[in-house]
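Peer 1: Could you have a look at this structure, given as structure tokens, before my questions?
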Amino acid sequence: MLAAARKADPALEVFAPADVAAELAGGAHPLTAGERFEAGGFAVHAVGGRHAQVIDNHPDCSNLGYLVDGLYHPGDSLDEPDEPVRTLLLPSAGPWLTMRGALELVRALRPARTVPIHDAFLSERGAANFDGWLDGEAGTRYTRLALGESAPLDA
């Protein structure tokens, strides 16, 4: 999809883990954990490096989270950035994720706001269970957005 997007718009800048950038051949900016750059006028910090393991060191592939002006998207990991997070986009389901891991990340980062993402594995009942735990135990303003819904970052 990224290759097709770049073909449709050659001016499109792509910032990605080094192995992904190499696959895109030409024009992608290879990144490693800890790098900082500017994109679209936003300060971005690449965090992490590897996908969280499911079992037996699998999958073993790159994964970068991105901290963008205080908003953090960890991708498929629970890596912690070394700077404050105002809004956390929290993975809420996946074969590598536990409720405990999700809660511990929120408690460690102490964001003002948490919004669950990565929830396609959850049934309606599973999402309600996850939301109940996070709303009650995480010490953050917790908001689940409906598909297609948006919210201002400073709210």
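Chain labels run A, B, ... following the order of the structure tokens; each chain numbers its residues from 1, and ligands are numbered from 1 in the order shown.
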Which polymer residues have any atom within 9 Å of an atom of region 110-124 of chain A, counting only C-alpha atoms, with same-chain residues fewer than 3 positions away left out, as a compact mmCIF listing (two decimals) with all heavy atoms, in the first residue's frame?
Peer 2:
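Saved as result_27.txt:
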```txt
# COMPACT_ATOMS: atom_id res chain seq x y z
N HIS A 73 1.81 6.54 19.74
CA HIS A 73 1.28 5.33 19.11
C HIS A 73 2.40 4.28 19.16
O HIS A 73 3.38 4.39 18.44
CB HIS A 73 0.89 5.61 17.67
CG HIS A 73 0.17 4.49 17.01
ND1 HIS A 73 0.61 3.18 17.02
CD2 HIS A 73 -1.00 4.47 16.32
CE1 HIS A 73 -0.24 2.41 16.36
NE2 HIS A 73 -1.23 3.19 15.94
N GLY A 75 2.50 1.21 18.18
CA GLY A 75 2.49 0.12 17.21
C GLY A 75 2.16 -1.18 17.91
O GLY A 75 1.32 -1.21 18.80
N ASP A 76 2.83 -2.26 17.54
CA ASP A 76 2.60 -3.58 18.14
C ASP A 76 3.62 -3.85 19.24
O ASP A 76 4.37 -4.83 19.19
CB ASP A 76 2.67 -4.67 17.08
CG ASP A 76 1.45 -4.68 16.18
OD1 ASP A 76 0.48 -3.98 16.47
OD2 ASP A 76 1.47 -5.39 15.16
N PRO A 84 7.62 12.68 28.32
CA PRO A 84 6.21 12.67 28.70
C PRO A 84 5.27 12.37 27.53
O PRO A 84 5.50 12.79 26.40
CB PRO A 84 5.97 14.08 29.23
CG PRO A 84 7.32 14.58 29.61
CD PRO A 84 8.28 13.94 28.67
N VAL A 85 4.19 11.65 27.85
CA VAL A 85 3.14 11.33 26.90
C VAL A 85 1.85 11.97 27.41
O VAL A 85 1.41 11.69 28.53
CB VAL A 85 2.95 9.79 26.79
CG1 VAL A 85 1.73 9.45 25.96
CG2 VAL A 85 4.20 9.14 26.22
N ARG A 86 1.26 12.85 26.61
CA ARG A 86 -0.02 13.47 26.99
C ARG A 86 -1.20 12.59 26.60
O ARG A 86 -2.15 12.45 27.35
CB ARG A 86 -0.16 14.84 26.35
CG ARG A 86 0.71 15.91 26.96
CD ARG A 86 0.39 17.32 26.44
NE ARG A 86 0.12 17.39 25.02
CZ ARG A 86 1.05 17.52 24.07
NH1 ARG A 86 2.33 17.58 24.40
NH2 ARG A 86 0.72 17.60 22.80
N THR A 87 -1.12 12.03 25.40
CA THR A 87 -2.20 11.16 24.90
C THR A 87 -1.57 9.85 24.44
O THR A 87 -0.65 9.85 23.63
CB THR A 87 -2.96 11.81 23.73
OG1 THR A 87 -3.53 13.05 24.17
CG2 THR A 87 -4.06 10.90 23.22
N LEU A 88 -2.09 8.75 24.98
CA LEU A 88 -1.62 7.41 24.62
C LEU A 88 -2.66 6.71 23.78
O LEU A 88 -3.82 6.61 24.18
CB LEU A 88 -1.36 6.60 25.90
CG LEU A 88 -1.04 5.11 25.71
CD1 LEU A 88 0.23 4.92 24.89
CD2 LEU A 88 -0.94 4.43 27.06
N LEU A 89 -2.27 6.25 22.60
CA LEU A 89 -3.10 5.38 21.79
C LEU A 89 -2.71 3.97 22.20
O LEU A 89 -1.66 3.47 21.82
CB LEU A 89 -2.85 5.64 20.30
CG LEU A 89 -3.10 7.09 19.85
CD1 LEU A 89 -2.81 7.25 18.37
CD2 LEU A 89 -4.51 7.55 20.19
N LEU A 90 -3.55 3.34 23.01
CA LEU A 90 -3.22 2.10 23.70
C LEU A 90 -3.71 0.87 22.96
O LEU A 90 -4.93 0.71 22.77
CB LEU A 90 -3.85 2.12 25.10
CG LEU A 90 -3.62 0.88 25.95
CD1 LEU A 90 -2.15 0.76 26.35
CD2 LEU A 90 -4.52 0.93 27.17
N PRO A 91 -2.80 -0.02 22.53
CA PRO A 91 -3.27 -1.28 21.96
C PRO A 91 -4.16 -2.00 22.99
O PRO A 91 -3.83 -2.06 24.17
CB PRO A 91 -1.97 -2.06 21.72
CG PRO A 91 -0.92 -1.01 21.59
CD PRO A 91 -1.34 0.08 22.55
N SER A 92 -5.31 -2.50 22.51
CA SER A 92 -6.25 -3.13 23.44
C SER A 92 -6.50 -4.60 23.14
O SER A 92 -7.19 -5.26 23.93
CB SER A 92 -7.57 -2.36 23.47
OG SER A 92 -8.16 -2.27 22.20
N ALA A 93 -5.97 -5.12 22.06
CA ALA A 93 -6.13 -6.55 21.77
C ALA A 93 -5.06 -6.98 20.78
O ALA A 93 -4.63 -6.21 19.94
CB ALA A 93 -7.51 -6.85 21.19
N GLY A 94 -4.64 -8.21 20.91
CA GLY A 94 -3.65 -8.78 20.01
C GLY A 94 -3.08 -10.03 20.63
O GLY A 94 -3.13 -10.19 21.85
N PRO A 95 -2.52 -10.92 19.84
CA PRO A 95 -2.01 -12.17 20.38
C PRO A 95 -0.81 -11.98 21.30
O PRO A 95 -0.44 -12.87 22.04
CB PRO A 95 -1.62 -12.97 19.13
CG PRO A 95 -1.46 -11.96 18.05
CD PRO A 95 -2.38 -10.83 18.39
N LEU A 105 1.51 -0.27 31.12
CA LEU A 105 2.00 0.80 30.26
C LEU A 105 1.34 2.13 30.61
O LEU A 105 2.02 3.15 30.74
CB LEU A 105 1.77 0.47 28.78
CG LEU A 105 2.27 1.54 27.80
CD1 LEU A 105 3.79 1.67 27.86
CD2 LEU A 105 1.80 1.25 26.39
N VAL A 106 0.03 2.12 30.80
CA VAL A 106 -0.67 3.36 31.15
C VAL A 106 -0.17 3.89 32.47
O VAL A 106 0.10 5.08 32.61
CB VAL A 106 -2.20 3.14 31.19
CG1 VAL A 106 -2.92 4.39 31.65
CG2 VAL A 106 -2.73 2.72 29.83
N ARG A 107 -0.02 3.01 33.45
CA ARG A 107 0.46 3.46 34.77
C ARG A 107 1.89 4.00 34.69
O ARG A 107 2.23 4.95 35.38
CB ARG A 107 0.37 2.32 35.77
CG ARG A 107 -1.07 2.02 36.16
CD ARG A 107 -1.14 0.84 37.08
NE ARG A 107 -2.49 0.63 37.58
CZ ARG A 107 -2.84 -0.40 38.33
NH1 ARG A 107 -1.95 -1.32 38.67
NH2 ARG A 107 -4.08 -0.53 38.75
N ALA A 127 -14.58 -5.66 24.50
CA ALA A 127 -14.27 -4.23 24.55
C ALA A 127 -14.81 -3.61 25.83
O ALA A 127 -14.13 -2.79 26.47
CB ALA A 127 -14.83 -3.52 23.32
N ALA A 128 -16.01 -3.99 26.24
CA ALA A 128 -16.58 -3.46 27.47
C ALA A 128 -15.74 -3.87 28.68
O ALA A 128 -15.52 -3.07 29.60
CB ALA A 128 -18.02 -3.93 27.63
N ASN A 129 -15.24 -5.11 28.68
CA ASN A 129 -14.39 -5.57 29.77
C ASN A 129 -13.10 -4.77 29.81
O ASN A 129 -12.68 -4.29 30.87
CB ASN A 129 -14.12 -7.07 29.61
CG ASN A 129 -13.24 -7.61 30.71
OD1 ASN A 129 -12.02 -7.54 30.62
ND2 ASN A 129 -13.86 -8.15 31.74
N PHE A 130 -12.45 -4.62 28.66
CA PHE A 130 -11.21 -3.85 28.58
C PHE A 130 -11.45 -2.42 29.05
O PHE A 130 -10.70 -1.88 29.88
CB PHE A 130 -10.67 -3.87 27.15
CG PHE A 130 -9.32 -3.24 27.00
CD1 PHE A 130 -8.17 -3.98 27.19
CD2 PHE A 130 -9.19 -1.89 26.69
CE1 PHE A 130 -6.91 -3.41 27.07
CE2 PHE A 130 -7.94 -1.31 26.56
CZ PHE A 130 -6.80 -2.07 26.75
N ASP A 131 -12.52 -1.80 28.55
CA ASP A 131 -12.83 -0.42 28.91
C ASP A 131 -13.08 -0.29 30.41
O ASP A 131 -12.64 0.69 31.03
CB ASP A 131 -14.07 0.06 28.14
CG ASP A 131 -13.83 0.18 26.65
OD1 ASP A 131 -12.67 0.09 26.20
OD2 ASP A 131 -14.84 0.36 25.92
N LEU A 134 -9.67 -0.37 32.23
CA LEU A 134 -8.88 0.83 32.00
C LEU A 134 -9.50 2.06 32.64
O LEU A 134 -8.80 2.89 33.21
CB LEU A 134 -8.67 1.07 30.50
CG LEU A 134 -7.40 0.48 29.90
CD1 LEU A 134 -6.18 1.21 30.38
CD2 LEU A 134 -7.25 -0.98 30.11
N ALA A 138 -6.60 2.67 35.60
CA ALA A 138 -5.43 3.23 34.93
C ALA A 138 -5.06 4.64 35.38
O ALA A 138 -3.97 5.10 35.09
CB ALA A 138 -5.63 3.20 33.41
N GLY A 139 -5.96 5.36 36.04
CA GLY A 139 -5.63 6.70 36.49
C GLY A 139 -5.44 7.69 35.36
O GLY A 139 -4.58 8.57 35.42
N THR A 140 -6.23 7.55 34.31
CA THR A 140 -6.14 8.43 33.15
C THR A 140 -7.56 8.71 32.66
O THR A 140 -8.49 7.97 32.98
CB THR A 140 -5.32 7.75 32.03
OG1 THR A 140 -5.18 8.64 30.92
CG2 THR A 140 -5.95 6.49 31.53
N ARG A 141 -7.74 9.79 31.92
CA ARG A 141 -9.04 10.02 31.29
C ARG A 141 -9.12 9.08 30.10
O ARG A 141 -8.36 9.20 29.14
CB ARG A 141 -9.18 11.48 30.86
CG ARG A 141 -10.64 11.81 30.52
CD ARG A 141 -10.82 13.26 30.25
NE ARG A 141 -10.24 13.56 28.95
CZ ARG A 141 -9.53 14.64 28.69
NH1 ARG A 141 -9.30 15.53 29.59
NH2 ARG A 141 -9.03 14.83 27.48
N TYR A 142 -10.04 8.14 30.16
CA TYR A 142 -10.11 7.06 29.17
C TYR A 142 -11.29 7.31 28.25
O TYR A 142 -12.41 7.52 28.72
CB TYR A 142 -10.26 5.72 29.90
CG TYR A 142 -10.29 4.53 28.99
CD1 TYR A 142 -9.12 4.05 28.42
CD2 TYR A 142 -11.49 3.90 28.69
CE1 TYR A 142 -9.14 2.96 27.57
CE2 TYR A 142 -11.51 2.81 27.84
CZ TYR A 142 -10.35 2.34 27.30
OH TYR A 142 -10.37 1.27 26.44
N THR A 143 -11.05 7.26 26.95
CA THR A 143 -12.09 7.53 25.96
C THR A 143 -11.99 6.56 24.80
O THR A 143 -10.98 6.53 24.10
CB THR A 143 -11.93 8.97 25.39
OG1 THR A 143 -11.84 9.90 26.46
CG2 THR A 143 -13.08 9.32 24.47
N ARG A 144 -13.02 5.74 24.61
CA ARG A 144 -13.08 4.89 23.41
C ARG A 144 -13.80 5.68 22.33
O ARG A 144 -14.90 6.17 22.54
CB ARG A 144 -13.83 3.58 23.67
CG ARG A 144 -13.91 2.72 22.40
CD ARG A 144 -14.55 1.37 22.66
NE ARG A 144 -13.67 0.53 23.47
CZ ARG A 144 -12.65 -0.18 23.00
NH1 ARG A 144 -12.35 -0.14 21.70
NH2 ARG A 144 -11.92 -0.92 23.80
N LEU A 145 -13.16 5.82 21.18
CA LEU A 145 -13.77 6.51 20.05
C LEU A 145 -14.41 5.48 19.13
O LEU A 145 -13.82 4.43 18.86
CB LEU A 145 -12.73 7.31 19.27
CG LEU A 145 -12.01 8.42 20.05
CD1 LEU A 145 -10.93 9.05 19.18
CD2 LEU A 145 -13.00 9.46 20.53
N ALA A 155 -8.39 17.97 24.24
CA ALA A 155 -9.63 17.78 25.02
C ALA A 155 -9.42 16.79 26.15
O ALA A 155 -8.56 15.98 26.16
CB ALA A 155 -10.75 17.30 24.11
```
Peer 1: Residues of region 2-155 of chain A in alpha helix (DSSP H) according to DSSP, as number ranges by chain?
Peer 2: A: 2-8, 18-23, 99-109, 124-137
Peer 1: Keeping only N, CA, C and O atoms, take the residues you just selected and write them out as a compact mmCIF listing (two decimals), in the first residue's frame.
Peer 2:
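The resulting file, again.txt, is shown below:
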```
# COMPACT_ATOMS: atom_id res chain seq x y z
N LEU A 2 1.97 1.21 0.76
CA LEU A 2 2.85 2.37 0.76
C LEU A 2 3.51 2.58 -0.60
O LEU A 2 3.63 3.71 -1.06
N ALA A 3 3.90 1.50 -1.24
CA ALA A 3 4.52 1.61 -2.57
C ALA A 3 3.52 2.22 -3.55
O ALA A 3 3.89 3.09 -4.35
N ALA A 4 2.27 1.79 -3.48
CA ALA A 4 1.24 2.33 -4.37
C ALA A 4 0.98 3.80 -4.06
O ALA A 4 0.80 4.61 -4.99
N ALA A 5 0.96 4.16 -2.78
CA ALA A 5 0.75 5.56 -2.41
C ALA A 5 1.89 6.43 -2.91
O ALA A 5 1.66 7.54 -3.40
N ARG A 6 3.13 5.93 -2.80
CA ARG A 6 4.27 6.70 -3.30
C ARG A 6 4.24 6.82 -4.82
O ARG A 6 4.63 7.85 -5.37
N LYS A 7 3.79 5.77 -5.48
CA LYS A 7 3.70 5.82 -6.95
C LYS A 7 2.65 6.86 -7.37
O LYS A 7 2.86 7.61 -8.32
N ALA A 8 1.54 6.92 -6.63
CA ALA A 8 0.48 7.88 -6.94
C ALA A 8 0.90 9.31 -6.60
O ALA A 8 0.45 10.25 -7.24
N ALA A 18 14.11 0.71 9.12
CA ALA A 18 15.08 0.58 8.03
C ALA A 18 14.75 -0.57 7.08
O ALA A 18 14.86 -0.41 5.86
N ASP A 19 14.33 -1.74 7.61
CA ASP A 19 14.04 -2.86 6.72
C ASP A 19 12.81 -2.60 5.85
O ASP A 19 12.77 -3.00 4.69
N VAL A 20 11.84 -1.89 6.37
CA VAL A 20 10.65 -1.53 5.57
C VAL A 20 11.03 -0.48 4.53
O VAL A 20 10.64 -0.60 3.36
N ALA A 21 11.82 0.50 4.93
CA ALA A 21 12.26 1.53 3.99
C ALA A 21 13.03 0.91 2.83
O ALA A 21 12.87 1.32 1.68
N ALA A 22 13.86 -0.10 3.11
CA ALA A 22 14.63 -0.77 2.06
C ALA A 22 13.72 -1.45 1.06
O ALA A 22 14.00 -1.47 -0.14
N GLU A 23 12.61 -2.02 1.52
CA GLU A 23 11.66 -2.68 0.62
C GLU A 23 10.96 -1.69 -0.29
O GLU A 23 10.52 -2.05 -1.38
N MET A 99 -4.02 -7.83 29.42
CA MET A 99 -4.62 -6.70 30.13
C MET A 99 -3.60 -6.09 31.08
O MET A 99 -3.46 -4.88 31.19
N ARG A 100 -2.87 -6.95 31.76
CA ARG A 100 -1.85 -6.48 32.71
C ARG A 100 -0.82 -5.60 32.01
O ARG A 100 -0.46 -4.53 32.50
N GLY A 101 -0.33 -6.04 30.85
CA GLY A 101 0.65 -5.26 30.10
C GLY A 101 0.11 -3.90 29.70
O GLY A 101 0.81 -2.89 29.79
N ALA A 102 -1.15 -3.87 29.25
CA ALA A 102 -1.77 -2.61 28.86
C ALA A 102 -1.89 -1.67 30.05
O ALA A 102 -1.53 -0.48 29.97
N LEU A 103 -2.38 -2.18 31.17
CA LEU A 103 -2.51 -1.36 32.38
C LEU A 103 -1.15 -0.86 32.87
O LEU A 103 -1.01 0.30 33.27
N GLU A 104 -0.16 -1.73 32.84
CA GLU A 104 1.16 -1.32 33.31
C GLU A 104 1.76 -0.22 32.44
O GLU A 104 2.43 0.68 32.94
N LEU A 105 1.51 -0.27 31.12
CA LEU A 105 2.00 0.80 30.26
C LEU A 105 1.34 2.13 30.61
O LEU A 105 2.02 3.15 30.74
N VAL A 106 0.03 2.12 30.80
CA VAL A 106 -0.67 3.36 31.15
C VAL A 106 -0.17 3.89 32.47
O VAL A 106 0.10 5.08 32.61
N ARG A 107 -0.02 3.01 33.45
CA ARG A 107 0.46 3.46 34.77
C ARG A 107 1.89 4.00 34.69
O ARG A 107 2.23 4.95 35.38
N ALA A 108 2.72 3.40 33.87
CA ALA A 108 4.11 3.86 33.75
C ALA A 108 4.19 5.22 33.05
O ALA A 108 4.97 6.08 33.45
N LEU A 109 3.38 5.41 32.02
CA LEU A 109 3.45 6.65 31.24
C LEU A 109 2.64 7.78 31.85
O LEU A 109 2.92 8.95 31.58
N GLU A 124 -17.90 -7.18 21.36
CA GLU A 124 -18.51 -6.08 22.11
C GLU A 124 -18.30 -6.29 23.61
O GLU A 124 -17.95 -5.36 24.35
N ARG A 125 -18.48 -7.52 24.06
CA ARG A 125 -18.29 -7.84 25.47
C ARG A 125 -16.82 -7.68 25.88
O ARG A 125 -16.52 -7.19 26.96
N GLY A 126 -15.90 -8.10 25.02
CA GLY A 126 -14.47 -7.96 25.31
C GLY A 126 -14.05 -6.50 25.40
O GLY A 126 -13.27 -6.12 26.27
N ALA A 127 -14.58 -5.66 24.50
CA ALA A 127 -14.27 -4.23 24.55
C ALA A 127 -14.81 -3.61 25.83
O ALA A 127 -14.13 -2.79 26.47
N ALA A 128 -16.01 -3.99 26.24
CA ALA A 128 -16.58 -3.46 27.47
C ALA A 128 -15.74 -3.87 28.68
O ALA A 128 -15.52 -3.07 29.60
N ASN A 129 -15.24 -5.11 28.68
CA ASN A 129 -14.39 -5.57 29.77
C ASN A 129 -13.10 -4.77 29.81
O ASN A 129 -12.68 -4.29 30.87
N PHE A 130 -12.45 -4.62 28.66
CA PHE A 130 -11.21 -3.85 28.58
C PHE A 130 -11.45 -2.42 29.05
O PHE A 130 -10.70 -1.88 29.88
N ASP A 131 -12.52 -1.80 28.55
CA ASP A 131 -12.83 -0.42 28.91
C ASP A 131 -13.08 -0.29 30.41
O ASP A 131 -12.64 0.69 31.03
N GLY A 132 -13.77 -1.24 31.01
CA GLY A 132 -14.03 -1.19 32.44
C GLY A 132 -12.76 -1.21 33.26
O GLY A 132 -12.59 -0.44 34.21
N TRP A 133 -11.83 -2.09 32.90
CA TRP A 133 -10.56 -2.16 33.60
C TRP A 133 -9.78 -0.86 33.45
O TRP A 133 -9.25 -0.32 34.42
N LEU A 134 -9.67 -0.37 32.23
CA LEU A 134 -8.88 0.83 32.00
C LEU A 134 -9.50 2.06 32.64
O LEU A 134 -8.80 2.89 33.21
N ASP A 135 -10.81 2.16 32.56
CA ASP A 135 -11.50 3.31 33.13
C ASP A 135 -11.36 3.32 34.65
O ASP A 135 -11.22 4.37 35.26
N GLY A 136 -11.34 2.14 35.25
CA GLY A 136 -11.31 2.06 36.70
C GLY A 136 -9.94 2.00 37.33
O GLY A 136 -9.76 2.38 38.48
N GLU A 137 -8.94 1.50 36.61
CA GLU A 137 -7.65 1.21 37.23
C GLU A 137 -6.45 1.98 36.69
O GLU A 137 -5.37 1.92 37.27
```
Peer 1: Please identify the strand (DSSP E or B) residues within region 68-141 of chain A (assignment by DSSP from backbone atoms) and present them as an MDAnalysis selection string.
Peer 2: chainID A and resid 68 71:73 87:91 113:117 141
Peer 1: Okay, now the selection with C-alpha atoms, as a short mmCIF file (atom, residue, chain, number, x, y, z; two decimals), in the first residue's frame?
Peer 2:
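Contents of out.cif, as written:
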```cif
data_model
loop_
_atom_site.label_atom_id
_atom_site.label_comp_id
_atom_site.auth_asym_id
_atom_site.auth_seq_id
_atom_site.Cartn_x
_atom_site.Cartn_y
_atom_site.Cartn_z
CA VAL A 68 4.29 12.96 17.90
CA LEU A 71 0.74 11.76 21.34
CA TYR A 72 2.16 8.23 21.43
CA HIS A 73 1.28 5.33 19.11
CA THR A 87 -2.20 11.16 24.90
CA LEU A 88 -1.62 7.41 24.62
CA LEU A 89 -3.10 5.38 21.79
CA LEU A 90 -3.22 2.10 23.70
CA PRO A 91 -3.27 -1.28 21.96
CA ARG A 113 -5.68 10.81 28.16
CA THR A 114 -5.81 7.24 26.85
CA VAL A 115 -7.62 6.10 23.71
CA PRO A 116 -7.78 2.38 22.87
CA ILE A 117 -6.69 1.21 19.42
CA ARG A 141 -9.04 10.02 31.29
#
```
Peer 1: How many Å lie between CA of Gly49 (chain A) and CA of Gly27 (chain A), rounded to one decimal?
Peer 2: 21.0 Å
Peer 1: So that I can check the surroundings of Ala46 (chain A), please list as a PDB file with C-alpha atoms, in the first residue's frame every protein, DNA and RNA residue that reaches within 9 Å of it, counting only C-alpha atoms and ignoring chain neighbours fewer than 6 positions away.
Peer 2:
```
ATOM      1  CA  LEU A  31      14.577   4.961  10.919  1.00  0.00           C
ATOM      2  CA  THR A  32      15.890   3.294  14.029  1.00  0.00           C
ATOM      3  CA  ALA A  33      14.676   3.629  17.607  1.00  0.00           C
ATOM      4  CA  GLY A  34      15.682   6.900  19.220  1.00  0.00           C
ATOM      5  CA  GLU A  35      15.761   8.941  16.030  1.00  0.00           C
ATOM      6  CA  ARG A  36      13.964  12.256  15.883  1.00  0.00           C
ATOM      7  CA  PHE A  37      12.671  13.973  12.789  1.00  0.00           C
ATOM      8  CA  LEU A  64       8.585   1.430  15.818  1.00  0.00           C
ATOM      9  CA  GLY A  65       6.247   3.438  17.944  1.00  0.00           C
ATOM     10  CA  TYR A  66       5.956   7.129  17.241  1.00  0.00           C
ATOM     11  CA  LEU A  67       5.686   9.952  19.746  1.00  0.00           C
ATOM     12  CA  VAL A  68       4.285  12.961  17.901  1.00  0.00           C
ATOM     13  CA  PRO A  81       9.305   6.503  25.434  1.00  0.00           C
TER      14      PRO A  81
END
```
Peer 1: Out of A:Arg50, A:Glu83, A:Glu149, A:Asn57, which residue has the shortest atom-to-atom distance to Pro17 (chain A) when counting only C-alpha atoms?
Peer 2: A:Arg50
Peer 1: Residues near Asp60 (chain A), anyone? I mean within 9 Å using only C-alpha atoms, not counting same-chain ones fewer than 4 positions away, as an mmCIF file with N, CA and C atoms, in the first residue's frame.
Peer 2:
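So the final result, stored in result.cif, reads:
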```
data_model
loop_
_atom_site.group_PDB
_atom_site.id
_atom_site.type_symbol
_atom_site.label_atom_id
_atom_site.label_comp_id
_atom_site.auth_asym_id
_atom_site.auth_seq_id
_atom_site.Cartn_x
_atom_site.Cartn_y
_atom_site.Cartn_z
ATOM 1 N N ARG A 50 11.413 -3.424 18.131
ATOM 2 C CA ARG A 50 10.976 -4.766 17.752
ATOM 3 C C ARG A 50 9.502 -4.960 18.117
ATOM 4 N N HIS A 51 8.828 -5.780 17.345
ATOM 5 C CA HIS A 51 7.443 -6.180 17.616
ATOM 6 C C HIS A 51 7.405 -6.971 18.924
ATOM 7 N N ALA A 52 6.379 -6.792 19.715
ATOM 8 C CA ALA A 52 6.221 -7.589 20.932
ATOM 9 C C ALA A 52 6.092 -9.064 20.555
ATOM 10 N N GLN A 53 6.667 -9.931 21.362
ATOM 11 C CA GLN A 53 6.645 -11.360 21.060
ATOM 12 C C GLN A 53 5.314 -11.987 21.451
#
```
